[in-house]
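Report on the structure given below.
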Amino acid sequence: MEEIRANRPRIEWIDTAKAFGMFLVYYGHFVERVADRGNPLALIQQKLIYSFHMPLFILLAGLVARSQMPALVPFLKKQAASRLLPVLFF
């Protein structure tokens, strides 16, 4: 895995977006405490942040994910063998 990452340059705007997203997670949890005490402005901020911060991380992860997807049938066979067979056996 390290070899793959060593050959790929970092994309600065993605790193910046991730840092922004992490800050929003922190701030969202902070403002949630304030909103719980009845502050309507904090509640609006919380709802706004919670509406997009997780989709942001999913989008960014998809941008940097490897482009090769495993073939579906072999993948499902491997998953079934490693998870369902032990259940049936025991």
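Just remember, in the structure tokens the first chain shown is A, the second B, etc., residues are 1-based per chain, and ligands are 1-based in the order shown.
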Per residue of region 12-31 of chain A within 7 Å of region 46-67 of chain A, note the shortest atom pair and the distance in Å to one decimal, counting only C-alpha atoms, and order the rows by chain and increasing residue number, as a tab-separated table.
residue	atom	partner	partner_atom	distance
A:Ile14	CA	A:Leu60	CA	6.7
A:Lys18	CA	A:Phe57	CA	7.0
A:Gly21	CA	A:His53	CA	6.0
A:Leu24	CA	A:Ile49	CA	6.7
A:Val25	CA	A:His53	CA	7.0
A:Gly28	CA	A:Gln46	CA	5.5
A:Val31	CA	A:Gln46	CA	6.1
Under the rule of at most 12 Å, produce a per-residue listing of region 14-78 of chain A near region 82-85 of chain A: chain, number, name, the closest pair of atoms, and the distance in Å, as JSON lines, using only C-alpha atoms.
{"residue": "A:Phe75", "atom": "CA", "partner": "A:Ser82", "partner_atom": "CA", "distance": 10.7}
{"residue": "A:Leu76", "atom": "CA", "partner": "A:Ser82", "partner_atom": "CA", "distance": 9.9}
{"residue": "A:Lys77", "atom": "CA", "partner": "A:Ser82", "partner_atom": "CA", "distance": 8.5}
{"residue": "A:Lys78", "atom": "CA", "partner": "A:Ser82", "partner_atom": "CA", "distance": 6.1}
Among chain A, which residues does DSSP mark as alpha helix (DSSP H) when it is run on the backbone? Keep the chain and numbering as in the structure and answer as number ranges by chain.
A: 2-7, 12-35, 40-64, 72-89
Could those selected residues go to a file with C-alpha atoms, as an mmCIF file, in the first residue's frame?
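Output below, filename part02.cif:
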data_model
loop_
_atom_site.group_PDB
_atom_site.id
_atom_site.type_symbol
_atom_site.label_atom_id
_atom_site.label_comp_id
_atom_site.auth_asym_id
_atom_site.auth_seq_id
_atom_site.Cartn_x
_atom_site.Cartn_y
_atom_site.Cartn_z
ATOM 1 C CA GLU A 2 2.840 2.390 0.759
ATOM 2 C CA GLU A 3 4.206 1.945 -2.760
ATOM 3 C CA ILE A 4 0.924 3.105 -4.252
ATOM 4 C CA ARG A 5 0.795 6.216 -2.082
ATOM 5 C CA ALA A 6 4.452 7.067 -2.636
ATOM 6 C CA ASN A 7 3.891 7.347 -6.387
ATOM 7 C CA GLU A 12 -3.534 20.301 -2.021
ATOM 8 C CA TRP A 13 -7.132 21.412 -2.503
ATOM 9 C CA ILE A 14 -8.381 17.973 -1.404
ATOM 10 C CA ASP A 15 -6.195 18.130 1.714
ATOM 11 C CA THR A 16 -7.537 21.616 2.419
ATOM 12 C CA ALA A 17 -11.132 20.453 1.939
ATOM 13 C CA LYS A 18 -10.524 17.532 4.319
ATOM 14 C CA ALA A 19 -9.117 19.907 6.951
ATOM 15 C CA PHE A 20 -12.129 22.185 6.486
ATOM 16 C CA GLY A 21 -14.430 19.185 6.878
ATOM 17 C CA MET A 22 -12.660 18.074 10.064
ATOM 18 C CA PHE A 23 -13.059 21.551 11.505
ATOM 19 C CA LEU A 24 -16.755 21.476 10.630
ATOM 20 C CA VAL A 25 -17.174 18.148 12.432
ATOM 21 C CA TYR A 26 -15.574 19.654 15.534
ATOM 22 C CA TYR A 27 -17.591 22.864 15.275
ATOM 23 C CA GLY A 28 -20.789 20.923 14.571
ATOM 24 C CA HIS A 29 -20.412 18.940 17.780
ATOM 25 C CA PHE A 30 -19.609 22.113 19.696
ATOM 26 C CA VAL A 31 -22.577 24.037 18.329
ATOM 27 C CA GLU A 32 -24.815 21.031 19.000
ATOM 28 C CA ARG A 33 -24.229 21.533 22.732
ATOM 29 C CA VAL A 34 -25.186 25.194 22.392
ATOM 30 C CA ALA A 35 -28.269 24.340 20.309
ATOM 31 C CA PRO A 40 -32.039 29.030 17.592
ATOM 32 C CA LEU A 41 -28.993 30.398 15.705
ATOM 33 C CA ALA A 42 -26.876 27.487 16.892
ATOM 34 C CA LEU A 43 -29.576 25.074 15.752
ATOM 35 C CA ILE A 44 -29.522 26.580 12.249
ATOM 36 C CA GLN A 45 -25.721 26.275 12.121
ATOM 37 C CA GLN A 46 -25.877 22.687 13.343
ATOM 38 C CA LYS A 47 -28.450 21.694 10.731
ATOM 39 C CA LEU A 48 -26.451 23.400 7.980
ATOM 40 C CA ILE A 49 -23.186 21.702 8.933
ATOM 41 C CA TYR A 50 -24.796 18.299 9.441
ATOM 42 C CA SER A 51 -26.477 18.551 6.031
ATOM 43 C CA PHE A 52 -23.216 18.303 4.097
ATOM 44 C CA HIS A 53 -20.125 17.459 6.148
ATOM 45 C CA MET A 54 -20.397 13.661 5.805
ATOM 46 C CA PRO A 55 -21.260 13.767 2.071
ATOM 47 C CA LEU A 56 -18.194 16.006 1.710
ATOM 48 C CA PHE A 57 -15.951 13.309 3.205
ATOM 49 C CA ILE A 58 -17.533 10.631 1.009
ATOM 50 C CA LEU A 59 -17.000 12.761 -2.103
ATOM 51 C CA LEU A 60 -13.374 13.471 -1.206
ATOM 52 C CA ALA A 61 -12.691 9.815 -0.444
ATOM 53 C CA GLY A 62 -14.128 8.887 -3.825
ATOM 54 C CA LEU A 63 -11.853 11.368 -5.554
ATOM 55 C CA VAL A 64 -8.706 9.799 -4.132
ATOM 56 C CA LEU A 72 -18.097 -8.530 -8.592
ATOM 57 C CA VAL A 73 -18.550 -12.317 -8.788
ATOM 58 C CA PRO A 74 -15.119 -13.282 -7.362
ATOM 59 C CA PHE A 75 -15.518 -10.634 -4.676
ATOM 60 C CA LEU A 76 -18.932 -11.980 -3.632
ATOM 61 C CA LYS A 77 -17.649 -15.572 -3.627
ATOM 62 C CA LYS A 78 -14.750 -14.588 -1.378
ATOM 63 C CA GLN A 79 -17.054 -12.688 0.975
ATOM 64 C CA ALA A 80 -19.505 -15.588 1.136
ATOM 65 C CA ALA A 81 -16.734 -18.102 1.782
ATOM 66 C CA SER A 82 -15.156 -16.036 4.525
ATOM 67 C CA ARG A 83 -18.393 -15.049 6.264
ATOM 68 C CA LEU A 84 -21.198 -17.471 5.494
ATOM 69 C CA LEU A 85 -19.316 -20.774 5.585
ATOM 70 C CA PRO A 86 -18.117 -20.309 9.181
ATOM 71 C CA VAL A 87 -21.674 -19.447 10.224
ATOM 72 C CA LEU A 88 -23.043 -22.574 8.559
ATOM 73 C CA PHE A 89 -20.265 -24.712 9.985
#
